[in-house]
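Engineer: Could you have a look at this structure, given as C-alpha cells, before my questions?
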Amino acid sequence: MKKYILILIIMLNTLASAFHISPDGFGKRVDEGAMQEYTFKNNSGKTVRYRFKMLPGKDGRSMHEWIEFEPKVMTIKNAESKKLKVFVKSPPGTPIGDYNFYMNVETVTLPNTIGNTKEGTAAAGSTVGLSINIEMIGWVGDLPAQLKLEKYDFHTKDGILHLKGFVNNRTENRFVRYMLDVIGNNGQRETFYGGVITAKNSRNIEVPLPKFKKKSDIWKIEVRETLDRNLLQTINF
C-alpha cells in the first residue's frame with residue numbers, strides 16, 4: 001500500500017510541476033478590446049502537450065463567445081515555456097458590469113522523444129494529466145476600482161504581529177481582485193493576495209506579518225489591483 005501511495009504522490013507532483021501559468025487571471029475592460037498573454041512553463045521533466053478551450057461562465061454574464069485565442073494546442077519540452085494569447089471584445093451595446101468565462105487547460109505528458117507527432121494528437125506512451133478550469137473575469141464600461149482597507153489595526157497573536165481590517169469594494173457593477181503590500185522602514189515586505197471581492201461587497205481580513213515585530217517597524221501599506229498592480233490606496237505610518 002505504501003508503495004502505491006508513493007507512486008501516486010510522485011505522479012501528482014509531476015502533474016503539478018507541468019502546470020504553471022502566469023498570470024493566473026484576466027481582469028481587464030473588454031468593451032474596448034483587451035489582450036492578455038499567458039506564459040506556460042513546464043518543469044515536469046517530461047514533454048507536455050496543452051489543449052485549450054474557452055468555456056461558458058455565469059448564465060447571462062458569460063463572455064466566452066467574445067474570445068479569440070491562439071494556439072489551440074501547444075507542446076512544451078521540459079524547462080521551456082510558451083505563450084497563449086487571448087483577445088476579448090464585447091459586442092456593441094453590451095450592458096455595463098462584470099462578466100466571466102472559464103479557460104479549460106488539459107495536459108498530456110508525452111514520451112521525451114516525440115518524433116513527428118502532430119499537434120493535437122497523442123503519441124504512443126502518452127499519459128493524460130490534468131484538466132483544469134480557471135475562472136477569468138472582465139468588465140464592460142468605465143468602472144475604475146474603488147476599494148479601500150478600512151478600520152484596520154494591529155495586534156500580536158502567538159508572538160506574531162497581525163494586521164486586522166475591513167476591505168470594502170465600493171466599485172459599482174464590478175469585482176476587484178486586490179492585494180496588500182506591507183512595506184517596512186528597512187525595505188522588508190509582506191504581500192497578501194486577497195482574491196476577488198464582488199461589487200459593493202466587503203470582507204474582514206486578518207494577515208500575519210512575521211517579518212515585523214511591532215507596528216512602528218512598518219512604513220506604509222499599499223492596496224493594489226493584483227494583475228496590473230494599479231495603486232488604489234496608500235496608508236502611511
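Within each chain, counting starts at residue 1; across the C-alpha cells, chains are named A, B, ... in the order shown, with ligands numbered 1 upward in that order.
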Fewer than 3 positions away in the same chain doesn't count, so skip those; otherwise give me all residues within 8 Å of Leu149 in chain A, counting only C-alpha atoms, as a list in words.
Structural biologist: Tyr152, Gly165, Phe166, Val167, Asn168, Val223 and Gln233 of chain A
Engineer: Write to file, as a PDB file, in the first residue's frame, the residues of the selection just made, with all heavy atoms.
Structural biologist:
ATOM      1  N   TYR A 152      -8.668  49.350  10.207  1.00  0.00           N
ATOM      2  CA  TYR A 152      -7.550  48.430  10.386  1.00  0.00           C
ATOM      3  C   TYR A 152      -6.846  48.679  11.719  1.00  0.00           C
ATOM      4  O   TYR A 152      -6.896  49.773  12.277  1.00  0.00           O
ATOM      5  CB  TYR A 152      -6.561  48.569   9.231  1.00  0.00           C
ATOM      6  CG  TYR A 152      -6.091  49.982   9.010  1.00  0.00           C
ATOM      7  CD1 TYR A 152      -5.006  50.499   9.727  1.00  0.00           C
ATOM      8  CD2 TYR A 152      -6.740  50.802   8.097  1.00  0.00           C
ATOM      9  CE1 TYR A 152      -4.587  51.798   9.534  1.00  0.00           C
ATOM     10  CE2 TYR A 152      -6.324  52.103   7.898  1.00  0.00           C
ATOM     11  CZ  TYR A 152      -5.257  52.593   8.618  1.00  0.00           C
ATOM     12  OH  TYR A 152      -4.847  53.878   8.434  1.00  0.00           O
ATOM     13  N   GLY A 165      -8.385  43.998   9.577  1.00  0.00           N
ATOM     14  CA  GLY A 165      -9.106  45.111   8.981  1.00  0.00           C
ATOM     15  C   GLY A 165     -10.311  44.673   8.175  1.00  0.00           C
ATOM     16  O   GLY A 165     -10.734  43.516   8.213  1.00  0.00           O
ATOM     17  N   PHE A 166     -10.817  45.641   7.424  1.00  0.00           N
ATOM     18  CA  PHE A 166     -12.078  45.512   6.705  1.00  0.00           C
ATOM     19  C   PHE A 166     -11.835  46.044   5.295  1.00  0.00           C
ATOM     20  O   PHE A 166     -11.519  47.226   5.115  1.00  0.00           O
ATOM     21  CB  PHE A 166     -13.118  46.353   7.453  1.00  0.00           C
ATOM     22  CG  PHE A 166     -14.490  46.346   6.881  1.00  0.00           C
ATOM     23  CD1 PHE A 166     -15.338  45.276   7.064  1.00  0.00           C
ATOM     24  CD2 PHE A 166     -14.956  47.446   6.159  1.00  0.00           C
ATOM     25  CE1 PHE A 166     -16.628  45.290   6.556  1.00  0.00           C
ATOM     26  CE2 PHE A 166     -16.233  47.467   5.649  1.00  0.00           C
ATOM     27  CZ  PHE A 166     -17.075  46.391   5.849  1.00  0.00           C
ATOM     28  N   VAL A 167     -11.876  45.159   4.274  1.00  0.00           N
ATOM     29  CA  VAL A 167     -11.640  45.576   2.889  1.00  0.00           C
ATOM     30  C   VAL A 167     -12.995  45.804   2.221  1.00  0.00           C
ATOM     31  O   VAL A 167     -13.836  44.900   2.176  1.00  0.00           O
ATOM     32  CB  VAL A 167     -10.829  44.521   2.117  1.00  0.00           C
ATOM     33  CG1 VAL A 167     -10.606  44.967   0.678  1.00  0.00           C
ATOM     34  CG2 VAL A 167      -9.494  44.281   2.804  1.00  0.00           C
ATOM     35  N   ASN A 168     -13.196  47.001   1.725  1.00  0.00           N
ATOM     36  CA  ASN A 168     -14.500  47.417   1.213  1.00  0.00           C
ATOM     37  C   ASN A 168     -14.399  47.768  -0.280  1.00  0.00           C
ATOM     38  O   ASN A 168     -13.662  48.675  -0.659  1.00  0.00           O
ATOM     39  CB  ASN A 168     -14.988  48.642   1.992  1.00  0.00           C
ATOM     40  CG  ASN A 168     -16.451  48.951   1.746  1.00  0.00           C
ATOM     41  OD1 ASN A 168     -17.122  48.265   0.978  1.00  0.00           O
ATOM     42  ND2 ASN A 168     -16.948  49.993   2.390  1.00  0.00           N
ATOM     43  N   VAL A 223      -2.429  49.291  -1.155  1.00  0.00           N
ATOM     44  CA  VAL A 223      -3.520  48.446  -1.632  1.00  0.00           C
ATOM     45  C   VAL A 223      -3.550  48.567  -3.150  1.00  0.00           C
ATOM     46  O   VAL A 223      -3.646  49.679  -3.681  1.00  0.00           O
ATOM     47  CB  VAL A 223      -4.870  48.866  -1.024  1.00  0.00           C
ATOM     48  CG1 VAL A 223      -5.980  47.924  -1.474  1.00  0.00           C
ATOM     49  CG2 VAL A 223      -4.782  48.909   0.501  1.00  0.00           C
ATOM     50  N   GLN A 233      -4.736  52.609  -2.887  1.00  0.00           N
ATOM     51  CA  GLN A 233      -4.695  53.292  -1.583  1.00  0.00           C
ATOM     52  C   GLN A 233      -3.300  53.163  -0.985  1.00  0.00           C
ATOM     53  O   GLN A 233      -2.658  52.114  -1.104  1.00  0.00           O
ATOM     54  CB  GLN A 233      -5.729  52.666  -0.641  1.00  0.00           C
ATOM     55  CG  GLN A 233      -5.797  53.268   0.756  1.00  0.00           C
ATOM     56  CD  GLN A 233      -6.723  52.482   1.671  1.00  0.00           C
ATOM     57  OE1 GLN A 233      -7.062  51.330   1.378  1.00  0.00           O
ATOM     58  NE2 GLN A 233      -7.139  53.076   2.778  1.00  0.00           N
TER      59      GLN A 233
END
Engineer: Can you tell me, as a short mmCIF file (atom, residue, chain, number, x, y, z; two decimals) with N, CA and C atoms, in the first residue's frame, what residues are no more than 12 Å from Lys148 in chain A when counting only C-alpha atoms, ignoring any on the same chain fewer than 3 positions away?
Structural biologist:
data_model
loop_
_atom_site.label_atom_id
_atom_site.label_comp_id
_atom_site.auth_asym_id
_atom_site.auth_seq_id
_atom_site.Cartn_x
_atom_site.Cartn_y
_atom_site.Cartn_z
N ALA A 145 -11.64 51.02 -10.26
CA ALA A 145 -11.74 50.33 -8.97
C ALA A 145 -11.75 51.33 -7.82
N LYS A 151 -10.86 50.54 8.88
CA LYS A 151 -10.97 50.06 10.26
C LYS A 151 -9.89 49.03 10.59
N TYR A 152 -8.67 49.35 10.21
CA TYR A 152 -7.55 48.43 10.39
C TYR A 152 -6.85 48.68 11.72
N GLY A 165 -8.39 44.00 9.58
CA GLY A 165 -9.11 45.11 8.98
C GLY A 165 -10.31 44.67 8.17
N PHE A 166 -10.82 45.64 7.42
CA PHE A 166 -12.08 45.51 6.70
C PHE A 166 -11.84 46.04 5.30
N VAL A 167 -11.88 45.16 4.27
CA VAL A 167 -11.64 45.58 2.89
C VAL A 167 -13.00 45.80 2.22
N ASN A 168 -13.20 47.00 1.72
CA ASN A 168 -14.50 47.42 1.21
C ASN A 168 -14.40 47.77 -0.28
N ASN A 169 -15.12 47.04 -1.12
CA ASN A 169 -15.17 47.32 -2.56
C ASN A 169 -16.40 48.18 -2.84
N ARG A 170 -16.18 49.48 -3.03
CA ARG A 170 -17.26 50.41 -3.31
C ARG A 170 -17.52 50.57 -4.81
N THR A 171 -16.81 49.81 -5.62
CA THR A 171 -16.95 49.94 -7.08
C THR A 171 -18.33 49.52 -7.54
N VAL A 176 -13.32 43.55 -7.83
CA VAL A 176 -11.93 43.99 -7.75
C VAL A 176 -11.12 42.83 -7.17
N ARG A 177 -10.04 42.48 -7.85
CA ARG A 177 -9.08 41.49 -7.34
C ARG A 177 -7.91 42.27 -6.76
N TYR A 178 -7.68 42.11 -5.46
CA TYR A 178 -6.77 43.04 -4.79
C TYR A 178 -5.63 42.30 -4.07
N MET A 179 -4.65 43.10 -3.69
CA MET A 179 -3.51 42.62 -2.90
C MET A 179 -3.07 43.74 -1.97
N LEU A 180 -2.40 43.37 -0.88
CA LEU A 180 -1.81 44.32 0.05
C LEU A 180 -0.31 44.13 0.09
N ILE A 197 -13.18 40.44 -4.65
CA ILE A 197 -14.35 40.91 -3.90
C ILE A 197 -15.34 41.46 -4.92
N LYS A 200 -19.72 46.20 -4.59
CA LYS A 200 -20.47 46.67 -3.42
C LYS A 200 -20.46 45.63 -2.30
N ASN A 201 -19.32 44.97 -2.13
CA ASN A 201 -19.21 43.95 -1.10
C ASN A 201 -17.98 44.24 -0.25
N SER A 202 -17.84 43.52 0.84
CA SER A 202 -16.72 43.75 1.75
C SER A 202 -16.27 42.43 2.36
N ARG A 203 -15.11 42.49 3.03
CA ARG A 203 -14.53 41.28 3.61
C ARG A 203 -13.66 41.65 4.80
N ASN A 204 -13.79 40.89 5.87
CA ASN A 204 -12.87 41.02 7.00
C ASN A 204 -11.61 40.22 6.72
N ILE A 221 1.38 50.84 3.97
CA ILE A 221 0.63 49.75 3.33
C ILE A 221 0.12 50.27 1.99
N GLU A 222 0.34 49.50 0.94
CA GLU A 222 -0.20 49.82 -0.38
C GLU A 222 -1.26 48.80 -0.76
N VAL A 223 -2.43 49.29 -1.15
CA VAL A 223 -3.52 48.45 -1.63
C VAL A 223 -3.55 48.57 -3.15
N ARG A 224 -3.48 47.43 -3.85
CA ARG A 224 -3.38 47.46 -5.31
C ARG A 224 -4.32 46.44 -5.94
N GLU A 225 -4.67 46.67 -7.21
CA GLU A 225 -5.26 45.60 -8.01
C GLU A 225 -4.15 44.61 -8.33
N LEU A 231 -2.41 51.12 -8.25
CA LEU A 231 -2.42 51.56 -6.86
C LEU A 231 -3.78 52.17 -6.50
N LEU A 232 -4.42 51.62 -5.46
CA LEU A 232 -5.74 52.07 -5.04
C LEU A 232 -5.70 52.90 -3.77
N GLN A 233 -4.74 52.61 -2.89
CA GLN A 233 -4.70 53.29 -1.58
C GLN A 233 -3.30 53.16 -0.99
N THR A 234 -2.83 54.24 -0.36
CA THR A 234 -1.58 54.21 0.39
C THR A 234 -1.86 54.67 1.83
N ILE A 235 -1.45 53.87 2.79
CA ILE A 235 -1.60 54.20 4.20
C ILE A 235 -0.21 54.34 4.80
#
Engineer: Applying 10 Å and only C-alpha atoms, which residues near range 91-94 of chain A remain after dropping the ones on its own chain fewer than 2 positions away? List them as JSON, numbers by chain.
Structural biologist: {"A": [30, 31, 32, 33, 63, 65, 66, 88, 89, 96, 97, 140, 141]}
Engineer: As a CSV table (one decimal) with N, CA, C and O atoms, in the first residue's frame, please: all residues of chain A that backbone DSSP puts in alpha helix (DSSP H).
Structural biologist:
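As written to disk, part-v5.csv reads:
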chain,number,residue,atom,x,y,z
A,2,LYS,N,1.9,1.3,0.8
A,2,LYS,CA,2.8,2.4,0.9
A,2,LYS,C,3.4,2.7,-0.5
A,2,LYS,O,3.7,3.9,-0.8
A,3,LYS,N,3.8,1.6,-1.2
A,3,LYS,CA,4.4,1.8,-2.5
A,3,LYS,C,3.4,2.5,-3.4
A,3,LYS,O,3.8,3.4,-4.2
A,4,TYR,N,2.1,2.1,-3.4
A,4,TYR,CA,1.2,2.7,-4.3
A,4,TYR,C,0.9,4.2,-4.0
A,4,TYR,O,0.8,5.1,-4.8
A,5,ILE,N,0.9,4.5,-2.6
A,5,ILE,CA,0.8,5.9,-2.2
A,5,ILE,C,1.9,6.7,-2.7
A,5,ILE,O,1.8,7.8,-3.2
A,6,LEU,N,3.2,6.2,-2.6
A,6,LEU,CA,4.4,6.9,-3.0
A,6,LEU,C,4.3,7.2,-4.5
A,6,LEU,O,4.6,8.3,-5.0
A,7,ILE,N,3.9,6.2,-5.3
A,7,ILE,CA,3.8,6.3,-6.7
A,7,ILE,C,2.7,7.4,-7.0
A,7,ILE,O,3.0,8.3,-7.9
A,8,LEU,N,1.6,7.4,-6.3
A,8,LEU,CA,0.6,8.4,-6.5
A,8,LEU,C,1.1,9.8,-6.2
A,8,LEU,O,0.9,10.8,-7.0
A,9,ILE,N,1.8,10.0,-5.1
A,9,ILE,CA,2.4,11.3,-4.8
A,9,ILE,C,3.4,11.8,-5.8
A,9,ILE,O,3.4,12.9,-6.2
A,10,ILE,N,4.2,10.9,-6.3
A,10,ILE,CA,5.2,11.2,-7.4
A,10,ILE,C,4.4,11.7,-8.7
A,10,ILE,O,4.8,12.7,-9.3
A,11,MET,N,3.3,11.0,-9.0
A,11,MET,CA,2.6,11.3,-10.2
A,11,MET,C,1.9,12.7,-10.0
A,11,MET,O,1.9,13.5,-10.9
A,12,LEU,N,1.3,13.0,-8.8
A,12,LEU,CA,0.7,14.3,-8.6
A,12,LEU,C,1.7,15.4,-8.6
A,12,LEU,O,1.4,16.5,-9.2
A,13,ASN,N,2.9,15.2,-8.1
A,13,ASN,CA,3.9,16.2,-8.1
A,13,ASN,C,4.4,16.5,-9.5
A,13,ASN,O,4.6,17.6,-9.9
A,14,THR,N,4.5,15.4,-10.3
A,14,THR,CA,4.9,15.6,-11.7
A,14,THR,C,3.8,16.4,-12.5
A,14,THR,O,4.2,17.3,-13.3
A,15,LEU,N,2.6,16.1,-12.3
A,15,LEU,CA,1.5,16.8,-13.0
A,15,LEU,C,1.5,18.2,-12.6
A,15,LEU,O,1.3,19.1,-13.4
A,16,ALA,N,1.6,18.5,-11.3
A,16,ALA,CA,1.6,19.9,-10.8
A,16,ALA,C,2.7,20.7,-11.4
A,16,ALA,O,2.5,21.9,-11.7
A,17,SER,N,3.9,20.1,-11.4
A,17,SER,CA,5.0,20.8,-12.0
A,17,SER,C,4.9,21.1,-13.5
A,17,SER,O,5.6,21.9,-14.0
Engineer: Find the residue from A:Glu190, A:Glu70, A:Asp59, A:Asp142 that sits nearest to Val86 in chain A; use only C-alpha atoms when measuring.
Structural biologist: A:Glu70
Engineer: Measuring atom to atom with only C-alpha atoms, identify which of A:Ile218, A:Ile160, A:Ala199, A:Val105 is nearest to Ile183 in chain A.
Structural biologist: A:Ile218
Engineer: Set the distance at 12 Å and use only C-alpha atoms: which residues neighbour Lys41 in chain A once local chain neighbours fewer than 2 positions away are removed? I'd like the list as a compact mmCIF listing (two decimals) with all heavy atoms, in the first residue's frame.
Structural biologist:
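What landed in out_29.txt:
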# COMPACT_ATOMS: atom_id res chain seq x y z
N ALA A 16 1.61 18.49 -11.26
CA ALA A 16 1.56 19.87 -10.78
C ALA A 16 2.71 20.69 -11.35
O ALA A 16 2.53 21.86 -11.71
CB ALA A 16 1.61 19.89 -9.25
N SER A 17 3.91 20.11 -11.45
CA SER A 17 5.05 20.85 -11.98
C SER A 17 4.93 21.08 -13.48
O SER A 17 5.61 21.93 -14.05
CB SER A 17 6.35 20.10 -11.67
OG SER A 17 6.37 18.83 -12.27
N ALA A 18 4.03 20.34 -14.13
CA ALA A 18 3.81 20.54 -15.56
C ALA A 18 2.89 21.72 -15.81
O ALA A 18 2.77 22.17 -16.95
CB ALA A 18 3.20 19.29 -16.18
N PHE A 19 2.24 22.21 -14.76
CA PHE A 19 1.25 23.26 -14.95
C PHE A 19 1.65 24.49 -14.15
O PHE A 19 1.49 24.55 -12.93
CB PHE A 19 -0.13 22.77 -14.50
CG PHE A 19 -1.23 23.72 -14.89
CD1 PHE A 19 -1.87 23.58 -16.10
CD2 PHE A 19 -1.61 24.75 -14.05
CE1 PHE A 19 -2.87 24.47 -16.47
CE2 PHE A 19 -2.60 25.63 -14.41
CZ PHE A 19 -3.24 25.49 -15.62
N HIS A 20 2.17 25.49 -14.84
CA HIS A 20 2.50 26.76 -14.22
C HIS A 20 2.10 27.87 -15.20
O HIS A 20 2.66 27.98 -16.28
CB HIS A 20 3.99 26.85 -13.89
CG HIS A 20 4.36 28.12 -13.20
ND1 HIS A 20 4.68 29.28 -13.87
CD2 HIS A 20 4.41 28.43 -11.87
CE1 HIS A 20 4.94 30.24 -13.01
NE2 HIS A 20 4.79 29.76 -11.79
N ILE A 21 1.09 28.67 -14.81
CA ILE A 21 0.56 29.71 -15.68
C ILE A 21 0.79 31.07 -15.03
O ILE A 21 0.60 31.23 -13.82
CB ILE A 21 -0.94 29.49 -15.97
CG1 ILE A 21 -1.51 30.64 -16.81
CG2 ILE A 21 -1.73 29.33 -14.68
CD1 ILE A 21 -2.95 30.44 -17.23
N SER A 22 1.20 32.05 -15.83
CA SER A 22 1.41 33.40 -15.35
C SER A 22 1.00 34.41 -16.42
O SER A 22 1.46 34.30 -17.57
CB SER A 22 2.87 33.61 -14.97
OG SER A 22 3.09 34.92 -14.53
N PRO A 23 0.11 35.37 -16.08
CA PRO A 23 -0.63 35.50 -14.83
C PRO A 23 -1.74 34.46 -14.75
O PRO A 23 -1.98 33.74 -15.73
CB PRO A 23 -1.20 36.92 -14.91
CG PRO A 23 -1.39 37.14 -16.38
CD PRO A 23 -0.23 36.44 -17.05
N TYR A 38 -0.55 34.67 -21.71
CA TYR A 38 -0.31 33.77 -20.58
C TYR A 38 0.92 32.92 -20.89
O TYR A 38 1.00 32.30 -21.95
CB TYR A 38 -1.52 32.87 -20.34
CG TYR A 38 -2.76 33.64 -19.96
CD1 TYR A 38 -3.67 34.04 -20.93
CD2 TYR A 38 -3.00 33.99 -18.63
CE1 TYR A 38 -4.79 34.76 -20.58
CE2 TYR A 38 -4.12 34.71 -18.28
CZ TYR A 38 -5.02 35.10 -19.26
OH TYR A 38 -6.14 35.82 -18.92
N THR A 39 1.85 32.89 -19.95
CA THR A 39 3.05 32.08 -20.11
C THR A 39 2.87 30.75 -19.37
O THR A 39 2.54 30.73 -18.18
CB THR A 39 4.29 32.81 -19.55
OG1 THR A 39 4.46 34.04 -20.26
CG2 THR A 39 5.53 31.96 -19.71
N ASN A 43 8.03 22.31 -15.92
CA ASN A 43 9.16 21.85 -15.11
C ASN A 43 8.99 20.39 -14.70
O ASN A 43 9.50 19.96 -13.67
CB ASN A 43 9.29 22.72 -13.84
CG ASN A 43 9.73 24.13 -14.16
OD1 ASN A 43 10.60 24.34 -14.99
ND2 ASN A 43 9.10 25.10 -13.52
N SER A 44 8.26 19.64 -15.49
CA SER A 44 7.89 18.28 -15.10
C SER A 44 8.99 17.24 -15.35
O SER A 44 8.92 16.12 -14.84
CB SER A 44 6.63 17.85 -15.84
OG SER A 44 6.91 17.70 -17.22
N GLY A 45 9.98 17.59 -16.15
CA GLY A 45 10.97 16.60 -16.57
C GLY A 45 10.54 15.82 -17.80
O GLY A 45 11.29 14.98 -18.30
N LYS A 46 9.33 16.08 -18.29
CA LYS A 46 8.77 15.42 -19.46
C LYS A 46 8.34 16.47 -20.48
O LYS A 46 8.25 17.65 -20.19
CB LYS A 46 7.54 14.59 -19.07
CG LYS A 46 7.78 13.57 -17.97
CD LYS A 46 8.43 12.32 -18.50
CE LYS A 46 8.51 11.24 -17.44
NZ LYS A 46 9.12 9.99 -17.95
N THR A 47 8.05 16.03 -21.68
CA THR A 47 7.41 16.89 -22.68
C THR A 47 5.90 16.87 -22.43
O THR A 47 5.32 15.80 -22.24
CB THR A 47 7.72 16.41 -24.10
OG1 THR A 47 9.13 16.49 -24.32
CG2 THR A 47 7.01 17.28 -25.14
N VAL A 48 5.28 18.04 -22.42
CA VAL A 48 3.86 18.14 -22.10
C VAL A 48 3.13 18.87 -23.22
O VAL A 48 3.60 19.90 -23.72
CB VAL A 48 3.62 18.87 -20.76
CG1 VAL A 48 2.12 19.03 -20.47
CG2 VAL A 48 4.30 18.13 -19.62
N ARG A 49 1.98 18.32 -23.59
CA ARG A 49 1.11 18.96 -24.58
C ARG A 49 -0.09 19.56 -23.87
O ARG A 49 -0.72 18.92 -23.03
CB ARG A 49 0.66 17.94 -25.63
CG ARG A 49 -0.21 18.54 -26.74
CD ARG A 49 -0.17 17.68 -27.98
NE ARG A 49 1.17 17.72 -28.57
CZ ARG A 49 1.63 16.82 -29.44
NH1 ARG A 49 0.87 15.80 -29.78
NH2 ARG A 49 2.84 16.93 -29.93
N TYR A 50 -0.40 20.80 -24.21
CA TYR A 50 -1.50 21.54 -23.59
C TYR A 50 -2.59 21.76 -24.64
O TYR A 50 -2.31 22.18 -25.76
CB TYR A 50 -1.03 22.90 -23.08
CG TYR A 50 0.05 22.83 -22.03
CD1 TYR A 50 1.37 22.56 -22.38
CD2 TYR A 50 -0.24 23.03 -20.69
CE1 TYR A 50 2.37 22.50 -21.42
CE2 TYR A 50 0.75 22.98 -19.72
CZ TYR A 50 2.06 22.71 -20.09
OH TYR A 50 3.04 22.66 -19.14
N MET A 74 -0.52 23.40 -27.78
CA MET A 74 0.92 23.66 -27.85
C MET A 74 1.68 22.62 -27.06
O MET A 74 1.19 22.08 -26.06
CB MET A 74 1.27 25.08 -27.37
CG MET A 74 1.00 25.38 -25.94
SD MET A 74 1.33 27.16 -25.64
CE MET A 74 0.92 27.29 -23.90
N THR A 75 2.88 22.31 -27.54
CA THR A 75 3.74 21.32 -26.92
C THR A 75 4.96 22.02 -26.33
O THR A 75 5.61 22.82 -27.02
CB THR A 75 4.18 20.27 -27.95
OG1 THR A 75 3.02 19.64 -28.51
CG2 THR A 75 5.07 19.22 -27.31
N ILE A 76 5.25 21.73 -25.06
CA ILE A 76 6.36 22.38 -24.38
C ILE A 76 7.30 21.31 -23.83
O ILE A 76 6.90 20.44 -23.06
CB ILE A 76 5.87 23.28 -23.23
CG1 ILE A 76 4.80 24.27 -23.73
CG2 ILE A 76 7.05 24.05 -22.63
CD1 ILE A 76 4.27 25.17 -22.65
N LYS A 77 8.55 21.39 -24.22
CA LYS A 77 9.55 20.48 -23.70
C LYS A 77 9.92 20.87 -22.26
O LYS A 77 9.64 21.99 -21.82
CB LYS A 77 10.80 20.48 -24.58
CG LYS A 77 10.55 19.95 -25.99
CD LYS A 77 11.83 19.99 -26.82
CE LYS A 77 11.59 19.47 -28.22
NZ LYS A 77 12.83 19.52 -29.05
N ASN A 78 10.54 19.97 -21.56
CA ASN A 78 10.94 20.24 -20.18
C ASN A 78 11.82 21.48 -20.08
O ASN A 78 12.69 21.70 -20.92
CB ASN A 78 11.69 19.03 -19.61
CG ASN A 78 12.15 19.28 -18.18
OD1 ASN A 78 11.35 19.67 -17.34
ND2 ASN A 78 13.42 19.08 -17.93
N ALA A 79 11.55 22.31 -19.06
CA ALA A 79 12.32 23.52 -18.75
C ALA A 79 12.12 24.63 -19.78
O ALA A 79 12.84 25.62 -19.75
CB ALA A 79 13.80 23.22 -18.59
N GLU A 80 11.15 24.46 -20.66
CA GLU A 80 10.84 25.52 -21.64
C GLU A 80 9.49 26.15 -21.32
O GLU A 80 8.73 25.65 -20.49
CB GLU A 80 10.86 24.96 -23.06
CG GLU A 80 12.23 24.51 -23.52
CD GLU A 80 12.25 24.06 -24.98
OE1 GLU A 80 11.16 23.95 -25.59
OE2 GLU A 80 13.36 23.83 -25.49
N SER A 81 9.18 27.25 -21.99
CA SER A 81 7.90 27.93 -21.81
C SER A 81 7.40 28.44 -23.16
O SER A 81 8.18 28.67 -24.08
CB SER A 81 8.03 29.09 -20.82
OG SER A 81 8.93 30.07 -21.30
N LYS A 82 6.08 28.60 -23.24
CA LYS A 82 5.44 29.18 -24.42
C LYS A 82 4.28 30.05 -23.98
O LYS A 82 3.84 29.98 -22.83
CB LYS A 82 4.95 28.08 -25.37
CG LYS A 82 6.06 27.34 -26.10
CD LYS A 82 5.49 26.37 -27.14
CE LYS A 82 6.61 25.65 -27.89
NZ LYS A 82 6.07 24.71 -28.92
N LYS A 83 3.76 30.85 -24.94
CA LYS A 83 2.72 31.81 -24.60
C LYS A 83 1.40 31.47 -25.32
O LYS A 83 1.40 31.07 -26.48
CB LYS A 83 3.15 33.23 -24.97
CG LYS A 83 4.31 33.76 -24.13
CD LYS A 83 4.63 35.19 -24.47
CE LYS A 83 5.82 35.70 -23.67
NZ LYS A 83 5.52 35.75 -22.22
N LEU A 84 0.31 31.68 -24.59
CA LEU A 84 -1.05 31.63 -25.12
C LEU A 84 -1.56 33.06 -25.17
O LEU A 84 -1.48 33.79 -24.18
CB LEU A 84 -1.94 30.78 -24.21
CG LEU A 84 -3.44 30.82 -24.50
CD1 LEU A 84 -3.77 30.08 -25.79
CD2 LEU A 84 -4.23 30.25 -23.32
Engineer: Using CA of Phe87 in chain A and CA of Glu172 in chain A as the two end points, give the distance in Å to one decimal.
Structural biologist: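 Result for CA of Phe87 in chain A versus CA of Glu172 in chain A: 24.5 Å, one decimal.
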